[in-house]
file target12.txt (compact mmCIF, C-alpha atoms)
# COMPACT_ATOMS: atom_id res chain seq x y z
CA MET A 1308 0.00 0.00 0.00
CA THR A 1309 1.24 3.47 -0.91
CA PRO A 1310 0.31 6.62 1.03
CA ILE A 1311 -1.07 9.41 -1.16
CA LYS A 1312 -2.81 12.71 -0.57
CA ALA A 1313 -6.46 12.90 -1.60
CA ALA A 1314 -9.62 14.95 -1.09
CA VAL A 1315 -12.13 12.70 0.69
CA SER A 1316 -15.88 13.18 1.10
CA HIS A 1317 -16.99 11.91 4.51
CA ALA A 1318 -20.45 13.51 4.50
CA HIS A 1319 -22.58 14.91 1.71
CA ASN A 1320 -22.78 18.66 1.31
CA THR A 1321 -19.75 19.33 3.52
CA PRO A 1322 -16.21 20.40 2.54
CA LEU A 1323 -13.87 17.70 1.29
CA SER A 1324 -11.10 16.61 3.65
CA VAL A 1325 -7.59 16.70 2.18
CA GLU A 1326 -5.81 13.85 3.94
CA THR A 1327 -3.46 10.91 3.50
CA VAL A 1328 -5.00 7.63 2.31
CA HIS A 1329 -3.62 4.35 1.01
CA ILE A 1330 -3.78 3.07 -2.57
CA ARG A 1331 -2.87 -0.50 -3.46
CA PRO A 1332 -0.68 -1.48 -6.43
CA PRO A 1333 -2.42 -2.42 -9.68
CA GLY A 1334 -3.56 -6.00 -9.92
CA PRO A 1335 -3.88 -8.08 -13.08
CA GLY A 1336 -5.52 -6.06 -15.84
CA GLU A 1337 -5.05 -2.71 -14.08
CA VAL A 1338 -2.76 0.30 -14.40
CA GLU A 1339 -1.60 2.94 -11.95
CA VAL A 1340 -1.49 6.54 -13.11
CA THR A 1341 0.28 9.28 -11.19
CA LEU A 1342 -1.84 12.31 -11.89
CA LYS A 1343 -0.65 15.71 -12.97
CA ALA A 1344 -4.03 17.43 -13.34
CA CYS A 1345 -7.71 16.82 -12.61
CA ALA A 1346 -10.45 19.22 -13.70
CA ILE A 1347 -13.51 19.85 -11.54
CA CYS A 1348 -16.75 18.82 -13.21
CA HIS A 1349 -20.20 19.78 -11.91
CA SER A 1350 -20.96 16.06 -11.68
CA ASP A 1351 -18.32 15.74 -8.96
CA ILE A 1352 -19.98 18.58 -7.09
CA HIS A 1353 -23.47 17.09 -7.43
CA TYR A 1354 -22.27 13.75 -6.12
CA ALA A 1355 -20.46 15.40 -3.20
CA GLU A 1356 -23.64 17.32 -2.37
CA GLY A 1357 -25.67 14.10 -2.34
CA ALA A 1358 -27.82 14.93 -5.38
CA TRP A 1359 -27.48 11.39 -6.75
CA GLY A 1360 -26.85 9.46 -3.55
CA GLY A 1361 -23.81 7.23 -3.17
CA THR A 1362 -21.80 5.47 -0.46
CA LEU A 1363 -19.27 7.33 1.69
CA PRO A 1364 -16.44 7.89 2.35
CA ALA A 1365 -15.61 8.50 -1.29
CA ILE A 1366 -13.06 10.20 -3.49
CA TYR A 1367 -14.55 12.00 -6.49
CA GLY A 1368 -12.82 13.42 -9.56
CA HIS A 1369 -12.95 11.84 -13.00
CA GLU A 1370 -11.44 14.31 -15.50
CA ALA A 1371 -7.73 13.65 -15.25
CA ALA A 1372 -4.39 13.28 -17.00
CA GLY A 1373 -1.05 11.94 -15.86
CA GLN A 1374 1.63 9.31 -16.43
CA ILE A 1375 1.52 5.54 -16.05
CA THR A 1376 3.75 4.51 -13.15
CA ALA A 1377 2.81 0.83 -12.71
CA VAL A 1378 1.23 -1.84 -14.92
CA GLY A 1379 -0.49 -5.03 -13.77
CA ASP A 1380 -0.13 -8.43 -15.40
CA GLY A 1381 -1.92 -8.94 -18.68
CA VAL A 1382 -2.13 -5.29 -19.70
CA ARG A 1383 -1.31 -4.71 -23.35
CA GLY A 1384 -0.70 -1.48 -25.27
CA LEU A 1385 0.21 0.62 -22.23
CA THR A 1386 3.68 0.89 -20.74
CA LEU A 1387 5.50 2.67 -17.93
CA GLY A 1388 5.97 6.35 -18.64
CA ASP A 1389 3.07 6.73 -21.07
CA SER A 1390 1.24 10.05 -20.85
CA VAL A 1391 -2.47 9.35 -20.66
CA VAL A 1392 -5.95 10.78 -20.22
CA VAL A 1393 -7.98 9.00 -17.51
CA THR A 1394 -11.77 8.82 -17.98
CA LEU A 1395 -14.65 7.35 -15.99
CA ILE A 1396 -15.67 5.16 -18.95
CA ARG A 1397 -14.96 1.58 -17.88
CA ALA A 1398 -16.02 -0.99 -20.48
CA CYS A 1399 -15.66 -4.74 -20.90
CA GLY A 1400 -15.32 -4.55 -24.70
CA PHE A 1401 -17.32 -7.75 -25.26
CA CYS A 1402 -20.98 -7.16 -24.33
CA ALA A 1403 -23.68 -6.23 -26.84
CA THR A 1404 -23.46 -2.48 -26.21
CA CYS A 1405 -19.67 -2.44 -26.47
CA GLY A 1406 -19.91 -4.51 -29.64
CA SER A 1407 -22.34 -2.02 -31.14
CA GLY A 1408 -19.92 0.85 -30.56
CA MET A 1409 -21.43 2.21 -27.31
CA PRO A 1410 -18.85 1.48 -24.59
CA VAL A 1411 -20.22 4.34 -22.47
CA LEU A 1412 -23.29 2.14 -21.91
CA CYS A 1413 -21.38 -1.06 -21.16
CA GLY A 1414 -23.68 -3.44 -19.31
CA THR A 1415 -20.94 -5.56 -17.79
CA PRO A 1416 -18.04 -3.33 -16.74
CA PRO A 1417 -15.01 -5.20 -15.36
CA ALA A 1418 -15.36 -6.22 -11.74
CA TYR A 1419 -12.98 -4.61 -9.30
CA GLN A 1420 -12.42 -3.83 -5.66
CA THR A 1421 -11.71 -0.26 -4.65
CA PRO A 1422 -7.96 0.30 -4.50
CA LEU A 1423 -8.41 2.95 -1.80
CA THR A 1424 -8.47 2.67 1.98
CA THR A 1425 -8.10 4.90 4.98
CA LEU A 1426 -4.89 4.65 6.97
CA ASP A 1427 -6.81 2.30 9.29
CA GLY A 1428 -7.67 0.00 6.40
CA ALA A 1429 -11.34 0.92 5.92
CA PRO A 1430 -12.43 1.02 2.26
CA ILE A 1431 -12.94 4.31 0.44
CA VAL A 1432 -15.19 4.35 -2.61
CA GLN A 1433 -13.42 5.08 -5.88
CA ALA A 1434 -16.25 7.28 -7.09
CA MET A 1435 -17.14 7.47 -10.79
CA ASN A 1436 -14.63 4.68 -11.49
CA ALA A 1437 -11.72 7.07 -11.05
CA GLY A 1438 -11.31 8.74 -7.65
CA ALA A 1439 -9.07 11.33 -9.30
CA PHE A 1440 -9.07 14.00 -6.59
CA ALA A 1441 -5.93 12.17 -5.52
CA GLU A 1442 -2.26 11.99 -6.41
CA ARG A 1443 -2.63 8.51 -7.97
CA VAL A 1444 -5.36 6.29 -9.36
CA VAL A 1445 -5.55 2.58 -10.15
CA VAL A 1446 -7.97 1.98 -13.03
CA ASP A 1447 -8.97 -0.43 -15.77
CA PRO A 1448 -7.04 0.04 -19.04
CA SER A 1449 -10.34 0.65 -20.86
CA GLN A 1450 -10.50 4.00 -19.06
CA VAL A 1451 -7.15 5.21 -20.37
CA VAL A 1452 -6.04 6.74 -23.66
CA ARG A 1453 -2.38 7.35 -24.49
CA ILE A 1454 -1.51 10.87 -25.71
CA SER A 1455 1.62 12.77 -26.69
CA PRO A 1456 3.83 13.75 -23.74
CA ASP A 1457 4.13 17.20 -25.34
CA ILE A 1458 0.52 18.07 -24.47
CA ASP A 1459 0.05 20.09 -21.29
CA PRO A 1460 -1.68 17.76 -18.80
CA VAL A 1461 -3.92 20.63 -17.65
CA ALA A 1462 -5.33 20.90 -21.17
CA ALA A 1463 -5.32 17.13 -21.63
CA SER A 1464 -7.39 16.54 -18.49
CA LEU A 1465 -10.34 18.35 -20.07
CA LEU A 1466 -10.54 15.64 -22.73
CA ALA A 1467 -11.63 13.12 -20.09
CA CYS A 1468 -15.15 14.50 -19.69
CA GLY A 1469 -16.20 18.06 -20.50
CA VAL A 1470 -14.78 18.18 -24.02
CA ILE A 1471 -15.79 14.70 -25.15
CA THR A 1472 -19.26 15.15 -23.64
CA GLY A 1473 -19.94 18.46 -25.40
CA VAL A 1474 -18.33 17.74 -28.75
CA GLY A 1475 -19.63 14.17 -28.75
CA ALA A 1476 -23.20 15.28 -28.09
CA VAL A 1477 -23.10 17.16 -31.39
CA VAL A 1478 -21.12 14.84 -33.66
CA ASN A 1479 -22.19 11.47 -32.20
CA ALA A 1480 -25.60 11.86 -30.55
CA ALA A 1481 -27.07 14.60 -32.78
CA ASN A 1482 -25.10 13.35 -35.82
CA LEU A 1483 -25.07 16.93 -37.03
CA ARG A 1484 -24.55 17.52 -40.74
CA ALA A 1485 -22.79 20.52 -42.23
CA GLY A 1486 -25.23 23.36 -42.86
CA GLN A 1487 -27.64 22.46 -40.08
CA ASP A 1488 -28.62 24.79 -37.22
CA VAL A 1489 -27.95 24.20 -33.52
CA VAL A 1490 -29.15 25.71 -30.26
CA VAL A 1491 -26.97 25.08 -27.20
CA ILE A 1492 -28.70 25.75 -23.88
CA GLY A 1493 -26.05 26.59 -21.31
CA ALA A 1494 -22.68 28.15 -22.09
CA GLY A 1495 -20.70 26.57 -19.27
CA GLY A 1496 -17.88 24.05 -19.63
CA VAL A 1497 -19.87 21.39 -21.50
CA GLY A 1498 -21.92 23.96 -23.43
CA LEU A 1499 -18.84 25.69 -24.80
CA ASN A 1500 -17.62 22.34 -26.07
CA ALA A 1501 -20.95 21.61 -27.71
CA ILE A 1502 -20.63 25.01 -29.39
CA GLN A 1503 -17.17 24.32 -30.71
CA GLY A 1504 -18.28 20.82 -31.69
CA ALA A 1505 -21.03 22.40 -33.79
CA ARG A 1506 -18.49 24.77 -35.33
CA ILE A 1507 -16.15 21.90 -36.20
CA ALA A 1508 -19.08 19.92 -37.66
CA GLY A 1509 -19.92 22.80 -40.00
CA ALA A 1510 -23.13 24.14 -38.47
CA ARG A 1511 -24.66 27.10 -40.30
CA ARG A 1512 -26.01 28.87 -37.21
CA ILE A 1513 -25.02 28.14 -33.61
CA VAL A 1514 -27.25 29.91 -31.09
CA ALA A 1515 -26.08 29.98 -27.47
CA VAL A 1516 -28.71 30.41 -24.76
CA ASP A 1517 -27.60 31.40 -21.26
CA MET A 1518 -28.57 33.48 -18.26
CA THR A 1519 -25.87 36.16 -18.53
CA PRO A 1520 -24.48 38.40 -21.29
CA GLU A 1521 -20.96 37.61 -20.10
CA LYS A 1522 -21.36 33.91 -20.88
CA LEU A 1523 -22.92 34.67 -24.24
CA ALA A 1524 -19.86 36.77 -25.10
CA VAL A 1525 -17.57 33.85 -24.22
CA ALA A 1526 -19.78 31.52 -26.29
CA LYS A 1527 -19.09 33.61 -29.38
CA GLU A 1528 -15.35 33.18 -28.79
CA PHE A 1529 -15.91 29.42 -29.08
CA GLY A 1530 -17.98 29.62 -32.25
CA ALA A 1531 -21.53 30.73 -31.41
CA THR A 1532 -22.94 32.89 -34.21
CA ASP A 1533 -25.73 34.29 -32.03
CA GLY A 1534 -26.61 34.63 -28.36
CA VAL A 1535 -29.98 34.73 -26.61
CA LEU A 1536 -30.63 35.49 -22.96
CA ALA A 1537 -32.59 32.70 -21.29
CA THR A 1538 -34.14 35.35 -19.05
CA ASP A 1539 -35.95 36.95 -22.01
CA GLU A 1540 -39.62 36.22 -22.47
CA LYS A 1541 -39.96 33.24 -24.82
CA PRO A 1542 -36.25 33.22 -25.80
CA TRP A 1543 -36.90 30.59 -28.48
CA ARG A 1544 -38.51 33.30 -30.59
CA ALA A 1545 -35.23 35.23 -30.77
CA ALA A 1546 -33.33 32.02 -31.49
CA LYS A 1547 -35.66 31.11 -34.36
CA LYS A 1548 -35.39 34.63 -35.73
CA ALA A 1549 -31.59 34.34 -35.79
CA MET A 1550 -31.77 30.98 -37.58
CA GLY A 1551 -34.68 31.87 -39.84
CA LYS A 1552 -36.37 28.63 -38.76
CA GLY A 1553 -36.35 26.10 -35.94
CA ALA A 1554 -33.20 24.26 -34.95
CA ASP A 1555 -32.15 20.88 -36.28
CA ALA A 1556 -30.68 20.07 -32.87
CA VAL A 1557 -31.04 21.54 -29.40
CA ILE A 1558 -28.30 20.51 -26.98
CA ILE A 1559 -29.25 20.87 -23.29
CA THR A 1560 -26.01 21.05 -21.32
CA VAL A 1561 -27.43 22.18 -17.96
CA GLY A 1562 -29.35 20.26 -15.31
CA ALA A 1563 -32.07 22.88 -14.83
CA ILE A 1564 -35.58 21.53 -15.34
CA PRO A 1565 -36.87 24.75 -17.02
CA ALA A 1566 -34.32 24.13 -19.78
CA PHE A 1567 -35.79 20.67 -20.39
CA ASP A 1568 -39.36 21.98 -20.24
CA THR A 1569 -38.77 24.55 -22.98
CA ALA A 1570 -36.10 22.91 -25.18
CA ALA A 1571 -38.56 21.61 -27.78
CA GLN A 1572 -39.78 25.18 -28.40
CA TYR A 1573 -36.51 25.87 -30.25
CA LEU A 1574 -36.88 22.92 -32.64
CA GLY A 1575 -37.82 22.91 -36.28
CA MET A 1576 -39.66 20.13 -38.07
CA GLY A 1577 -37.83 16.84 -37.61
CA GLY A 1578 -35.42 18.34 -35.08
CA LYS A 1579 -33.95 16.56 -32.06
CA VAL A 1580 -33.44 17.50 -28.42
CA ILE A 1581 -30.16 16.06 -27.10
CA MET A 1582 -30.29 15.72 -23.30
CA VAL A 1583 -26.80 16.04 -21.83
CA GLY A 1584 -27.27 17.92 -18.54
CA MET A 1585 -28.26 15.82 -15.53
CA PRO A 1586 -30.87 17.16 -13.07
CA HIS A 1587 -31.07 15.88 -9.52
CA SER A 1588 -32.58 12.41 -9.04
CA GLY A 1589 -36.36 12.54 -8.92
CA ALA A 1590 -36.68 15.74 -10.97
CA THR A 1591 -39.24 15.46 -13.77
CA SER A 1592 -40.23 17.38 -16.88
CA THR A 1593 -43.47 17.53 -18.88
CA TYR A 1594 -44.04 17.39 -22.65
CA GLU A 1595 -46.90 17.10 -25.11
CA PRO A 1596 -46.21 13.82 -26.91
CA VAL A 1597 -48.60 14.74 -29.71
CA MET A 1598 -46.31 17.58 -30.75
CA PHE A 1599 -43.33 15.26 -31.17
CA ALA A 1600 -45.41 12.80 -33.15
CA ALA A 1601 -46.93 15.48 -35.37
CA THR A 1602 -43.62 17.19 -36.15
CA GLY A 1603 -41.34 14.16 -36.41
CA GLN A 1604 -39.21 15.49 -33.59
CA GLY A 1605 -37.27 13.41 -31.11
CA MET A 1606 -35.57 13.33 -27.71
CA ILE A 1607 -32.24 11.60 -27.23
CA GLY A 1608 -30.22 11.05 -24.08
CA SER A 1609 -26.45 11.40 -24.52
CA LYS A 1610 -24.07 9.97 -21.94
CA MET A 1611 -20.48 11.22 -22.16
CA GLY A 1612 -21.07 12.31 -25.75
CA ASP A 1613 -21.60 8.68 -26.85
CA VAL A 1614 -17.84 8.56 -27.35
CA VAL A 1615 -15.51 5.72 -28.13
CA ILE A 1616 -12.49 7.13 -26.30
CA ALA A 1617 -9.89 5.18 -28.30
CA ARG A 1618 -11.33 6.75 -31.46
CA ASP A 1619 -12.52 10.18 -30.35
CA ILE A 1620 -9.84 11.41 -27.94
CA PRO A 1621 -6.96 11.00 -30.47
CA TRP A 1622 -9.13 12.81 -33.04
CA MET A 1623 -9.72 15.68 -30.64
CA VAL A 1624 -6.04 15.81 -29.70
CA ASP A 1625 -5.23 16.20 -33.39
CA LEU A 1626 -7.76 19.03 -33.71
CA TYR A 1627 -6.19 20.71 -30.66
CA GLU A 1628 -2.71 20.45 -32.14
CA GLN A 1629 -4.02 22.02 -35.36
CA GLY A 1630 -5.56 24.90 -33.39
CA ARG A 1631 -9.10 23.90 -34.34
CA LEU A 1632 -10.22 22.74 -30.87
CA LYS A 1633 -9.83 25.11 -27.94
CA LEU A 1634 -8.57 23.53 -24.71
CA ASP A 1635 -6.25 26.07 -23.08
CA GLU A 1636 -8.97 28.71 -23.41
CA LEU A 1637 -11.32 26.54 -21.33
CA VAL A 1638 -9.11 26.71 -18.23
CA SER A 1639 -10.20 29.47 -15.89
CA GLN A 1640 -7.69 28.82 -13.11
CA THR A 1641 -5.44 26.10 -11.68
CA TRP A 1642 -5.45 25.22 -7.99
CA PRO A 1643 -3.36 22.97 -5.70
CA LEU A 1644 -5.15 20.04 -4.09
CA ASP A 1645 -5.04 21.77 -0.70
CA GLN A 1646 -7.32 24.47 -2.12
CA ILE A 1647 -9.88 22.14 -3.71
CA ASN A 1648 -12.77 23.43 -1.61
CA ALA A 1649 -12.06 26.99 -2.75
CA ALA A 1650 -11.89 25.72 -6.34
CA ILE A 1651 -15.25 23.98 -5.93
CA ALA A 1652 -16.80 27.12 -4.45
CA ASP A 1653 -15.52 29.12 -7.41
CA THR A 1654 -16.92 26.53 -9.83
CA LYS A 1655 -20.34 26.74 -8.17
CA THR A 1656 -20.55 30.48 -8.86
CA GLY A 1657 -20.97 29.60 -12.54
CA SER A 1658 -18.34 32.08 -13.65
CA ALA A 1659 -15.57 29.53 -14.32
CA LYS A 1660 -15.30 27.57 -17.54
CA ARG A 1661 -13.14 24.86 -15.92
CA ASN A 1662 -11.09 24.94 -12.74
CA VAL A 1663 -8.27 22.40 -12.68
CA ILE A 1664 -6.48 20.83 -9.72
CA VAL A 1665 -2.75 20.41 -10.36
CA PHE A 1666 -0.48 18.01 -8.50
CA ASP A 1667 3.19 18.48 -7.64
call {"tool": "encode", "arguments": {"input": "target12.txt", "output": "structure tokens"}}
result
Amino acid sequence: MTPIKAAVSHAHNTPLSVETVHIRPPGPGEVEVTLKACAICHSDIHYAEGAWGGTLPAIYGHEAAGQITAVGDGVRGLTLGDSVVVTLIRACGFCATCGSGMPVLCGTPPAYQTPLTTLDGAPIVQAMNAGAFAERVVVDPSQVVRISPDIDPVAASLLACGVITGVGAVVNAANLRAGQDVVVIGAGGVGLNAIQGARIAGARRIVAVDMTPEKLAVAKEFGATDGVLATDEKPWRAAKKAMGKGADAVIITVGAIPAFDTAAQYLGMGGKVIMVGMPHSGATSTYEPVMFAATGQGMIGSKMGDVVIARDIPWMVDLYEQGRLKLDELVSQTWPLDQINAAIADTKTGSAKRNVIVFD
């Protein structure tokens, strides 16, 4: 067992405790990654607040990058010293959903025992398959993608969740074609990536909808052609005016129920609502099914951008190296692990695109 520093949740909706815990070496079919950066995702915050339940104590964090420092027996394609992105997507590779190209929905993820314990030997949950608010992680190789060591790990960490979720929602879930029109509700971390995903896919009009003019201004830096304040009366009217018609795809990147209730108002005939944001458990929304049937519209859930990380992360890295995908511009501030609670508080204000924890 190796002592490491980590931010532990002992009770929901209370500050994380930065303390020393133990992590075991990787077993057969596992790798150890010493982390260099881990971004803070709103999903980590929701879990820590108890919005989706979960067993405690736990270590959250799932948007990370680092270097492989140990490899278990039977691991192929990954070696000591590799620079990697670490995701929460753990997949067996053999079930029906994996075989159909949907590893994010794997029905039989590899069995494992948490590699984390307190100094007294009590288990700590490796939340979201990663537990990356820690100096090291032990994970399944299916969660890891090798990248160039020349890429800044702060930028690379964003590829583990926020970027693949936003870009993937457009190119994979919405299957957007060049020349189509998109509305993105929410111009936060995931929303900005949906916007630049729409730009990369060749959208004609990209309308950002958010609560503040400041966020709409940032959205235009990432590729939005138009911005609409969600606080306006019937904002879908302004969005449709900008597009000249209804949208082919509406990407909901926030977990606010009013966004789900009104998303279909932005659609054109045959358009699709892509549901990316995750409200609290038990929250519900209401629709008129007859309208979807009469207009040929649809609603699609998108988990982690429906990505295949071995395919999509190298593609996005290449776009980043060409200057076509913005990563550095997504980073609002970097923080040491000791200041993670301040970083979380700053994230909750809604003003940050992405705050990133960096490790020594």
call {"tool": "closest_residue", "arguments": {"input": "target12.txt", "among": "A:Ile1564, A:Val1444, A:Val1615, A:Leu1483", "to": "A:His1369", "atoms": "all atoms listed in the file"}}
result
A:Val1444
call {"tool": "closest_residue", "arguments": {"input": "target12.txt", "among": "A:Ala1566, A:Ile1651, A:Ala1601, A:Ile1458", "to": "A:Gly1584", "atoms": "all atoms listed in the file"}}
result
A:Ala1566
call {"tool": "closest_residue", "arguments": {"input": "target12.txt", "among": "A:Leu1574, A:Phe1401, A:Pro1430, A:Gly1408", "to": "A:Gln1487", "atoms": "all atoms listed in the file"}}
result
A:Leu1574
call {"tool": "closest_residue", "arguments": {"input": "target12.txt", "among": "A:Val1452, A:Met1623, A:Val1340, A:Cys1405", "to": "A:Val1392", "atoms": "only C-alpha atoms"}}
result
A:Val1452
call {"tool": "residues_around", "arguments": {"input": "target12.txt", "residues": "stretch 1603-1608 of chain A", "least_positions_apart": "5", "cutoff": "9 Å", "atoms": "only C-alpha atoms", "output": "tab-separated table (two decimals) with C-alpha atoms, in the frame of the given file"}}
result
chain	number	residue	atom	x	y	z
A	1480	ALA	CA	-25.60	11.86	-30.55
A	1481	ALA	CA	-27.07	14.60	-32.78
A	1571	ALA	CA	-38.56	21.61	-27.78
A	1574	LEU	CA	-36.88	22.92	-32.64
A	1575	GLY	CA	-37.82	22.91	-36.28
A	1576	MET	CA	-39.66	20.13	-38.07
A	1577	GLY	CA	-37.83	16.84	-37.61
A	1578	GLY	CA	-35.42	18.34	-35.08
A	1579	LYS	CA	-33.95	16.56	-32.06
A	1580	VAL	CA	-33.44	17.50	-28.42
A	1581	ILE	CA	-30.16	16.06	-27.10
A	1582	MET	CA	-30.29	15.72	-23.30
A	1583	VAL	CA	-26.80	16.04	-21.83
A	1598	MET	CA	-46.31	17.58	-30.75
call {"tool": "residues_around", "arguments": {"input": "target12.txt", "residues": "A:Ala1377", "least_positions_apart": "3", "cutoff": "9 Å", "atoms": "only C-alpha atoms", "output": "PyMOL selection string"}}
result
chain A and resi 1332-1333+1337-1341+1386-1388+1445
call {"tool": "residues_around", "arguments": {"input": "target12.txt", "residues": "A:Asn1479", "least_positions_apart": "4", "cutoff": "8 Å", "atoms": "all atoms listed in the file", "output": "PyMOL selection string"}}
result
chain A and resi 1475+1483+1612-1614
call {"tool": "residues_near_point", "arguments": {"input": "target12.txt", "point": "(-6.4, 14.0, -21.4)", "cutoff": "9 Å", "atoms": "only C-alpha atoms", "output": "PDB file with C-alpha atoms, in the coordinates of the input"}}
result
ATOM      1  CA  GLU A1370     -11.440  14.310 -15.500  1.00  0.00           C
ATOM      2  CA  ALA A1371      -7.730  13.650 -15.250  1.00  0.00           C
ATOM      3  CA  ALA A1372      -4.390  13.280 -17.000  1.00  0.00           C
ATOM      4  CA  GLY A1373      -1.050  11.940 -15.860  1.00  0.00           C
ATOM      5  CA  SER A1390       1.240  10.050 -20.850  1.00  0.00           C
ATOM      6  CA  VAL A1391      -2.470   9.350 -20.660  1.00  0.00           C
ATOM      7  CA  VAL A1392      -5.950  10.780 -20.220  1.00  0.00           C
ATOM      8  CA  VAL A1393      -7.980   9.000 -17.510  1.00  0.00           C
ATOM      9  CA  THR A1394     -11.770   8.820 -17.980  1.00  0.00           C
ATOM     10  CA  VAL A1451      -7.150   5.210 -20.370  1.00  0.00           C
ATOM     11  CA  VAL A1452      -6.040   6.740 -23.660  1.00  0.00           C
ATOM     12  CA  ARG A1453      -2.380   7.350 -24.490  1.00  0.00           C
ATOM     13  CA  ILE A1454      -1.510  10.870 -25.710  1.00  0.00           C
ATOM     14  CA  ILE A1458       0.520  18.070 -24.470  1.00  0.00           C
ATOM     15  CA  ASP A1459       0.050  20.090 -21.290  1.00  0.00           C
ATOM     16  CA  PRO A1460      -1.680  17.760 -18.800  1.00  0.00           C
ATOM     17  CA  VAL A1461      -3.920  20.630 -17.650  1.00  0.00           C
ATOM     18  CA  ALA A1462      -5.330  20.900 -21.170  1.00  0.00           C
ATOM     19  CA  ALA A1463      -5.320  17.130 -21.630  1.00  0.00           C
ATOM     20  CA  SER A1464      -7.390  16.540 -18.490  1.00  0.00           C
ATOM     21  CA  LEU A1465     -10.340  18.350 -20.070  1.00  0.00           C
ATOM     22  CA  LEU A1466     -10.540  15.640 -22.730  1.00  0.00           C
ATOM     23  CA  ALA A1467     -11.630  13.120 -20.090  1.00  0.00           C
ATOM     24  CA  CYS A1468     -15.150  14.500 -19.690  1.00  0.00           C
ATOM     25  CA  ILE A1620      -9.840  11.410 -27.940  1.00  0.00           C
ATOM     26  CA  VAL A1624      -6.040  15.810 -29.700  1.00  0.00           C
TER      27      VAL A1624
END
call {"tool": "closest_residue", "arguments": {"input": "target12.txt", "among": "A:Val1328, A:Leu1634, A:Ala1563, A:Ala1570", "to": "A:Asp1427", "atoms": "all atoms listed in the file"}}
result
A:Val1328
call {"tool": "closest_residue", "arguments": {"input": "target12.txt", "among": "A:Pro1422, A:Asp1555, A:Val1432, A:Ala1545", "to": "A:Ala1485", "atoms": "all atoms listed in the file"}}
result
A:Asp1555
call {"tool": "residues_around", "arguments": {"input": "target12.txt", "residues": "stretch 1658-1660 of chain A", "least_positions_apart": "4", "cutoff": "6 Å", "atoms": "all atoms listed in the file", "output": "list of chain:residue names"}}
result
A:Gly1495, A:Gly1496, A:Leu1637, A:Ser1639, A:Thr1654
call {"tool": "atom_distance", "arguments": {"input": "target12.txt", "atom1": "atom CA of A:Asp1380", "atom2": "atom CA of A:Cys1402"}}
result
22.7 Å
call {"tool": "residues_near_point", "arguments": {"input": "target12.txt", "point": "(-11.5, -0.4, -1.2)", "cutoff": "10 Å", "atoms": "all atoms listed in the file", "output": "list in words"}}
result
His1329, Ile1330, Arg1331, Ala1365, Tyr1419, Gln1420, Thr1421, Pro1422, Leu1423, Thr1424, Thr1425, Gly1428, Ala1429, Pro1430, Ile1431, Val1432 and Gln1433 of chain A
call {"tool": "write_last_selection", "arguments": {"input": "target12.txt", "atoms": "C-alpha atoms", "output": "tab-separated table (two decimals), in the coordinates of the input"}}
result
chain	number	residue	atom	x	y	z
A	1329	HIS	CA	-3.62	4.35	1.01
A	1330	ILE	CA	-3.78	3.07	-2.57
A	1331	ARG	CA	-2.87	-0.50	-3.46
A	1365	ALA	CA	-15.61	8.50	-1.29
A	1419	TYR	CA	-12.98	-4.61	-9.30
A	1420	GLN	CA	-12.42	-3.83	-5.66
A	1421	THR	CA	-11.71	-0.26	-4.65
A	1422	PRO	CA	-7.96	0.30	-4.50
A	1423	LEU	CA	-8.41	2.95	-1.80
A	1424	THR	CA	-8.47	2.67	1.98
A	1425	THR	CA	-8.10	4.90	4.98
A	1428	GLY	CA	-7.67	0.00	6.40
A	1429	ALA	CA	-11.34	0.92	5.92
A	1430	PRO	CA	-12.43	1.02	2.26
A	1431	ILE	CA	-12.94	4.31	0.44
A	1432	VAL	CA	-15.19	4.35	-2.61
A	1433	GLN	CA	-13.42	5.08	-5.88
call {"tool": "residues_around", "arguments": {"input": "target12.txt", "residues": "stretch 1527-1531 of chain A", "least_positions_apart": "4", "cutoff": "10 Å", "atoms": "all atoms listed in the file", "output": "number ranges by chain"}}
result
A: 1489-1491, 1494, 1498-1507, 1510, 1512-1516, 1522-1523, 1632-1633, 1636-1637
call {"tool": "atom_distance", "arguments": {"input": "target12.txt", "atom1": "atom CA of A:Pro1416", "atom2": "atom CA of A:Cys1399"}}
result
5.0 Å
